[in-house]
Amino acid sequence: MIKTSLLLLVFNGENYLDRALDSVYKQTIKLDEVIIINDASNDLTINILTTWLDKLPIKIIHNKKNIGTFASLKKGVLNCSGDLIFRIDHDDQWKNNHVEEIINLYLEDKNAKLFATKAIYLDEDFNFIKYSSYVSDKNIRKNLLWDNPIVQSSTAFFKKDFINLSRSKNLSSSEDYDLWIRLLDIGRLKFSNKETVRYFVYKNSLSRQNIKRSLSERFNCQKLALKIYFKKHPIYASLIAIILIIRLFIFKFINFLKNFI
C-alpha cells in the first residue's frame with residue numbers, strides 16, 4: 001500500500017480544529033502521518049493540537065511568524081514523508097469513508113495526477129447549501145476555464161508531482177485552483193461521485209475578507225487555464241476570453257472614473 005500523508009494548514013483554528021481532527025481520527029483506513037503547519041496562531045490552536053498527539057500520528061511544525069497559505073503549503077509538502085498527500089482545511093470535515101474512497105480511486109488508476117470526491121456545502125449552522133459539481137477527466141479542464149469546481153479538502157495528489165511543478169507565486173485564496181490546473185496539464189483526474197466531505201461556508205472566510213484580491217487571483221487562474229487548455233476547448237475558451245476582456249475593461253474604466261471624480 002502506498003504511504004499516505006495528510007497536510008493540514010491552520011491559523012487560529014480553535015473553533016473548528018477539533019471537528020476536523022476528529023473526522024480524521026474516525027477514518028476506516030488510517031493515514032500514515034498527519035503533518036500540521038501551525039502558521040503562528042495566537043489563539044488556543046496549539047493547546048488543541050496537543051490533545052491529539054496520542055490519538056493521531058501528528059507532526060506539528062510551528063511557523064515563528066505568519067507566512068500565509070502559499071508558503072505554508074510548500075513547506076508542508078516538503079515535510080511530508082508520504083507519496084500520496086491528502087488535504088483538509090481546519091474548518092472542514094471528512095466523512096468516515098473519505099480516505100478509503102481516495103485509496104480506491106488510486107488503486108483504480110495509479111497514474112492519475114489528482115484524486116477527488118464530491119462534497120456537500122453547508123453553512124456554519126449545518127444548513128444545506130448545495131453539492132459540489134460532478135466532474136470527470138473529460139470535462140474538468142473545460143470547467144477550470146471558468147472556475148474551480150473541486151473542494152480542496154476532498155483531494156489527494158502525489159508529492160513528487162507537486163515538487164516538480166512550477167507554481168504561481170504568493171497566492172492567498174486560489175492556491176488550490178492554480179495547482180489543479182497545473183496537475184491536470186500533466187495527467188488525469190480520478191473522481192468519485194460519492195460525497196465524503198463536508199465543506200463549510202463562513203461569512204468571515206479568507207476569500208470573503210479580501211474580495212478584490214480573491215477576484216484578482218481567480219482572474220489570473222482563468223488566464224492560466226486559457227493558456228494551457230485553449231487547444232482542448234477552443235470555442236468555449238474563446239468565449240471565456242471575451243468575457244474576461246470585457247470584465248477587465250469595465251474594471252479599469254470604473255477605477256478611471258473613481259480617480260477622475
# chains A, B, ... in the order shown; residues from 1 in each chain; ligands from 1

$ residues_around --residues "range 22-34 of chain A" --least-positions-apart "3" --cutoff "12 Å" --atoms "only C-alpha atoms" --output "PyMOL selection string"
chain A and resi 1-9+16-19+37+48-49+51-61+76-77+79-104+153+196-198

$ closest_atom_pairs --of "range 109-226 of chain A" --to "range 240-245 of chain A" --cutoff "10 Å" --atoms "only C-alpha atoms" --output "Markdown table"
| residue | atom | partner | partner_atom | distance |
| --- | --- | --- | --- | --- |
| A:Leu145 | CA | A:Ile240 | CA | 7.2 |
| A:Trp146 | CA | A:Ile240 | CA | 7.0 |
| A:Phe219 | CA | A:Leu244 | CA | 7.7 |
| A:Gln222 | CA | A:Leu244 | CA | 8.5 |
| A:Lys223 | CA | A:Ala241 | CA | 8.1 |
| A:Leu226 | CA | A:Ala241 | CA | 7.5 |

$ closest_residue --among "A:Trp180, A:Phe157, A:Phe128, A:Phe253" --to "Ile228 in chain A" --atoms "only C-alpha atoms"
A:Trp180

$ atom_distance --atom1 "CA of Phe70 in chain A" --atom2 "CA of Lys194 in chain A"
28.8 Å

$ residues_around --residues "range 118-120 of chain A" --least-positions-apart "2" --cutoff "8 Å" --atoms "only C-alpha atoms" --output "JSON, numbers by chain"
{"A": [116, 122, 128, 129, 130, 131, 132, 133, 134, 150, 151, 154, 191, 192, 193, 194, 195, 196, 197, 198, 199]}

$ write_last_selection --atoms "N, CA and C atoms" --output "mmCIF file, in the first residue's frame"
data_model
loop_
_atom_site.group_PDB
_atom_site.id
_atom_site.type_symbol
_atom_site.label_atom_id
_atom_site.label_comp_id
_atom_site.auth_asym_id
_atom_site.auth_seq_id
_atom_site.Cartn_x
_atom_site.Cartn_y
_atom_site.Cartn_z
ATOM 1 N N ALA A 116 -10.101 13.032 -6.298
ATOM 2 C CA ALA A 116 -11.047 13.898 -5.591
ATOM 3 C C ALA A 116 -12.401 13.224 -5.470
ATOM 4 N N LEU A 122 -22.163 23.333 3.343
ATOM 5 C CA LEU A 122 -23.025 23.659 4.474
ATOM 6 C C LEU A 122 -22.665 25.034 5.015
ATOM 7 N N PHE A 128 -27.967 22.984 4.706
ATOM 8 C CA PHE A 128 -27.547 22.594 3.364
ATOM 9 C C PHE A 128 -27.529 23.793 2.420
ATOM 10 N N ILE A 129 -26.463 23.904 1.624
ATOM 11 C CA ILE A 129 -26.378 24.938 0.593
ATOM 12 C C ILE A 129 -26.443 24.300 -0.789
ATOM 13 N N LYS A 130 -25.551 23.353 -1.052
ATOM 14 C CA LYS A 130 -25.533 22.681 -2.354
ATOM 15 C C LYS A 130 -24.537 21.528 -2.299
ATOM 16 N N TYR A 131 -24.507 20.742 -3.371
ATOM 17 C CA TYR A 131 -23.464 19.747 -3.562
ATOM 18 C C TYR A 131 -22.448 20.289 -4.567
ATOM 19 N N SER A 132 -21.214 19.864 -4.429
ATOM 20 C CA SER A 132 -20.219 20.240 -5.431
ATOM 21 C C SER A 132 -20.572 19.572 -6.756
ATOM 22 N N SER A 133 -20.052 20.129 -7.830
ATOM 23 C CA SER A 133 -20.382 19.640 -9.172
ATOM 24 C C SER A 133 -19.786 18.263 -9.415
ATOM 25 N N TYR A 134 -20.490 17.487 -10.246
ATOM 26 C CA TYR A 134 -19.895 16.238 -10.718
ATOM 27 C C TYR A 134 -18.920 16.586 -11.830
ATOM 28 N N ILE A 150 -13.583 21.964 -7.630
ATOM 29 C CA ILE A 150 -13.111 20.896 -6.742
ATOM 30 C C ILE A 150 -12.775 21.467 -5.372
ATOM 31 N N VAL A 151 -13.348 20.872 -4.333
ATOM 32 C CA VAL A 151 -13.097 21.298 -2.955
ATOM 33 C C VAL A 151 -11.745 20.756 -2.498
ATOM 34 N N SER A 154 -11.267 17.622 -0.380
ATOM 35 C CA SER A 154 -11.696 16.346 -0.972
ATOM 36 C C SER A 154 -10.601 15.703 -1.805
ATOM 37 N N PHE A 191 -12.068 10.830 -10.240
ATOM 38 C CA PHE A 191 -13.093 11.470 -9.399
ATOM 39 C C PHE A 191 -14.142 10.459 -8.966
ATOM 40 N N SER A 192 -14.588 10.590 -7.717
ATOM 41 C CA SER A 192 -15.686 9.781 -7.204
ATOM 42 C C SER A 192 -16.897 10.658 -6.928
ATOM 43 N N ASN A 193 -18.058 10.214 -7.369
ATOM 44 C CA ASN A 193 -19.293 10.958 -7.131
ATOM 45 C C ASN A 193 -19.861 10.686 -5.743
ATOM 46 N N LYS A 194 -19.147 9.884 -4.935
ATOM 47 C CA LYS A 194 -19.567 9.676 -3.556
ATOM 48 C C LYS A 194 -19.227 10.911 -2.733
ATOM 49 N N GLU A 195 -20.179 11.381 -1.969
ATOM 50 C CA GLU A 195 -19.988 12.596 -1.169
ATOM 51 C C GLU A 195 -19.336 12.216 0.153
ATOM 52 N N THR A 196 -18.071 12.612 0.323
ATOM 53 C CA THR A 196 -17.311 12.204 1.509
ATOM 54 C C THR A 196 -16.775 13.378 2.324
ATOM 55 N N VAL A 197 -17.107 14.606 1.930
ATOM 56 C CA VAL A 197 -16.548 15.789 2.588
ATOM 57 C C VAL A 197 -17.649 16.801 2.884
ATOM 58 N N ARG A 198 -17.583 17.361 4.080
ATOM 59 C CA ARG A 198 -18.466 18.482 4.424
ATOM 60 C C ARG A 198 -17.628 19.759 4.353
ATOM 61 N N TYR A 199 -18.019 20.618 3.416
ATOM 62 C CA TYR A 199 -17.298 21.885 3.199
ATOM 63 C C TYR A 199 -18.151 23.009 3.769
#

$ decode --residues "range 76-190 of chain A" --atoms "C-alpha atoms" --output "mmCIF file, in the first residue's frame"
data_model
loop_
_atom_site.group_PDB
_atom_site.id
_atom_site.type_symbol
_atom_site.label_atom_id
_atom_site.label_comp_id
_atom_site.auth_asym_id
_atom_site.auth_seq_id
_atom_site.Cartn_x
_atom_site.Cartn_y
_atom_site.Cartn_z
ATOM 1 C CA GLY A 76 4.199 21.296 4.489
ATOM 2 C CA VAL A 77 4.562 19.241 1.306
ATOM 3 C CA LEU A 78 8.351 19.185 1.691
ATOM 4 C CA ASN A 79 7.928 17.858 5.240
ATOM 5 C CA CYS A 80 5.564 15.055 4.209
ATOM 6 C CA SER A 81 7.212 11.649 4.002
ATOM 7 C CA GLY A 82 4.232 10.039 2.253
ATOM 8 C CA ASP A 83 3.950 9.602 -1.502
ATOM 9 C CA LEU A 84 0.231 10.469 -1.635
ATOM 10 C CA ILE A 85 -0.738 13.699 0.132
ATOM 11 C CA PHE A 86 -4.266 14.296 1.393
ATOM 12 C CA ARG A 87 -5.557 17.771 2.243
ATOM 13 C CA ILE A 88 -8.137 19.021 4.700
ATOM 14 C CA ASP A 89 -8.820 22.604 5.758
ATOM 15 C CA HIS A 90 -9.012 23.033 9.515
ATOM 16 C CA ASP A 91 -12.653 24.142 9.301
ATOM 17 C CA ASP A 92 -13.909 21.271 7.110
ATOM 18 C CA GLN A 93 -14.893 17.717 7.961
ATOM 19 C CA TRP A 94 -14.444 14.286 6.378
ATOM 20 C CA LYS A 95 -16.987 11.505 6.434
ATOM 21 C CA ASN A 96 -15.590 8.251 7.826
ATOM 22 C CA ASN A 97 -15.012 6.693 4.392
ATOM 23 C CA HIS A 98 -13.098 9.561 2.769
ATOM 24 C CA VAL A 99 -9.585 8.108 2.909
ATOM 25 C CA GLU A 100 -10.928 4.716 1.851
ATOM 26 C CA GLU A 101 -12.622 6.243 -1.185
ATOM 27 C CA ILE A 102 -9.477 8.114 -2.264
ATOM 28 C CA ILE A 103 -7.416 4.933 -1.880
ATOM 29 C CA ASN A 104 -9.961 3.093 -4.052
ATOM 30 C CA LEU A 105 -9.548 5.775 -6.719
ATOM 31 C CA TYR A 106 -5.780 5.390 -6.524
ATOM 32 C CA LEU A 107 -5.995 1.606 -6.889
ATOM 33 C CA GLU A 108 -8.226 2.033 -9.947
ATOM 34 C CA ASP A 109 -5.824 4.453 -11.646
ATOM 35 C CA LYS A 110 -2.358 4.733 -10.094
ATOM 36 C CA ASN A 111 -1.186 7.041 -12.874
ATOM 37 C CA ALA A 112 -3.790 9.764 -12.276
ATOM 38 C CA LYS A 113 -2.425 13.087 -11.018
ATOM 39 C CA LEU A 114 -5.356 14.321 -8.932
ATOM 40 C CA PHE A 115 -7.848 12.298 -6.885
ATOM 41 C CA ALA A 116 -11.047 13.898 -5.591
ATOM 42 C CA THR A 117 -14.514 13.164 -4.257
ATOM 43 C CA LYS A 118 -17.814 15.008 -4.141
ATOM 44 C CA ALA A 119 -18.526 17.450 -1.295
ATOM 45 C CA ILE A 120 -21.589 18.882 0.389
ATOM 46 C CA TYR A 121 -21.627 22.636 1.079
ATOM 47 C CA LEU A 122 -23.025 23.659 4.474
ATOM 48 C CA ASP A 123 -23.303 26.963 6.294
ATOM 49 C CA GLU A 124 -21.895 27.378 9.786
ATOM 50 C CA ASP A 125 -25.194 26.150 11.277
ATOM 51 C CA PHE A 126 -25.028 22.923 9.222
ATOM 52 C CA ASN A 127 -27.785 24.077 6.855
ATOM 53 C CA PHE A 128 -27.547 22.594 3.364
ATOM 54 C CA ILE A 129 -26.378 24.938 0.593
ATOM 55 C CA LYS A 130 -25.533 22.681 -2.354
ATOM 56 C CA TYR A 131 -23.464 19.747 -3.562
ATOM 57 C CA SER A 132 -20.219 20.240 -5.431
ATOM 58 C CA SER A 133 -20.382 19.640 -9.172
ATOM 59 C CA TYR A 134 -19.895 16.238 -10.718
ATOM 60 C CA VAL A 135 -16.713 16.377 -12.732
ATOM 61 C CA SER A 136 -14.712 13.878 -14.741
ATOM 62 C CA ASP A 137 -11.398 13.803 -16.540
ATOM 63 C CA LYS A 138 -13.336 14.525 -19.724
ATOM 64 C CA ASN A 139 -14.890 17.825 -18.608
ATOM 65 C CA ILE A 140 -12.703 19.115 -15.765
ATOM 66 C CA ARG A 141 -10.340 21.213 -17.903
ATOM 67 C CA LYS A 142 -13.287 22.967 -19.534
ATOM 68 C CA ASN A 143 -14.714 23.680 -16.077
ATOM 69 C CA LEU A 144 -11.395 25.103 -14.877
ATOM 70 C CA LEU A 145 -11.523 27.705 -17.639
ATOM 71 C CA TRP A 146 -14.301 29.403 -15.683
ATOM 72 C CA ASP A 147 -13.899 28.413 -12.025
ATOM 73 C CA ASN A 148 -12.592 25.832 -9.558
ATOM 74 C CA PRO A 149 -15.239 23.107 -9.022
ATOM 75 C CA ILE A 150 -13.111 20.896 -6.742
ATOM 76 C CA VAL A 151 -13.097 21.298 -2.955
ATOM 77 C CA GLN A 152 -9.557 21.237 -1.577
ATOM 78 C CA SER A 153 -10.478 19.053 1.423
ATOM 79 C CA SER A 154 -11.696 16.346 -0.972
ATOM 80 C CA THR A 155 -8.385 15.857 -2.775
ATOM 81 C CA ALA A 156 -5.105 13.983 -2.801
ATOM 82 C CA PHE A 157 -2.068 14.282 -5.065
ATOM 83 C CA PHE A 158 1.472 12.952 -5.323
ATOM 84 C CA LYS A 159 4.296 14.720 -3.509
ATOM 85 C CA LYS A 160 6.670 14.241 -6.452
ATOM 86 C CA ASP A 161 4.259 15.976 -8.848
ATOM 87 C CA PHE A 162 3.826 18.981 -6.554
ATOM 88 C CA ILE A 163 7.576 19.391 -6.180
ATOM 89 C CA ASN A 164 8.220 19.192 -9.926
ATOM 90 C CA LEU A 165 5.536 21.697 -10.928
ATOM 91 C CA SER A 166 6.154 25.388 -11.476
ATOM 92 C CA ARG A 167 3.678 27.458 -9.457
ATOM 93 C CA SER A 168 2.272 30.952 -9.418
ATOM 94 C CA LYS A 169 3.585 32.997 -6.504
ATOM 95 C CA ASN A 170 2.064 34.461 -3.350
ATOM 96 C CA LEU A 171 -1.474 33.162 -3.805
ATOM 97 C CA SER A 172 -3.761 33.784 -0.867
ATOM 98 C CA SER A 173 -7.052 32.034 -1.623
ATOM 99 C CA SER A 174 -6.582 30.343 -5.021
ATOM 100 C CA GLU A 175 -3.525 28.162 -4.489
ATOM 101 C CA ASP A 176 -5.683 25.046 -4.989
ATOM 102 C CA TYR A 177 -7.216 26.367 -8.239
ATOM 103 C CA ASP A 178 -3.724 27.065 -9.581
ATOM 104 C CA LEU A 179 -2.496 23.617 -8.514
ATOM 105 C CA TRP A 180 -5.380 21.717 -10.135
ATOM 106 C CA ILE A 181 -4.786 23.498 -13.458
ATOM 107 C CA ARG A 182 -1.117 22.527 -13.457
ATOM 108 C CA LEU A 183 -1.627 18.947 -12.247
ATOM 109 C CA LEU A 184 -4.250 18.267 -14.900
ATOM 110 C CA ASP A 185 -1.938 19.606 -17.563
ATOM 111 C CA ILE A 186 0.377 16.665 -16.889
ATOM 112 C CA GLY A 187 -2.155 13.906 -16.184
ATOM 113 C CA ARG A 188 -5.632 12.677 -15.396
ATOM 114 C CA LEU A 189 -8.284 13.372 -12.770
ATOM 115 C CA LYS A 190 -9.782 10.403 -10.951
#
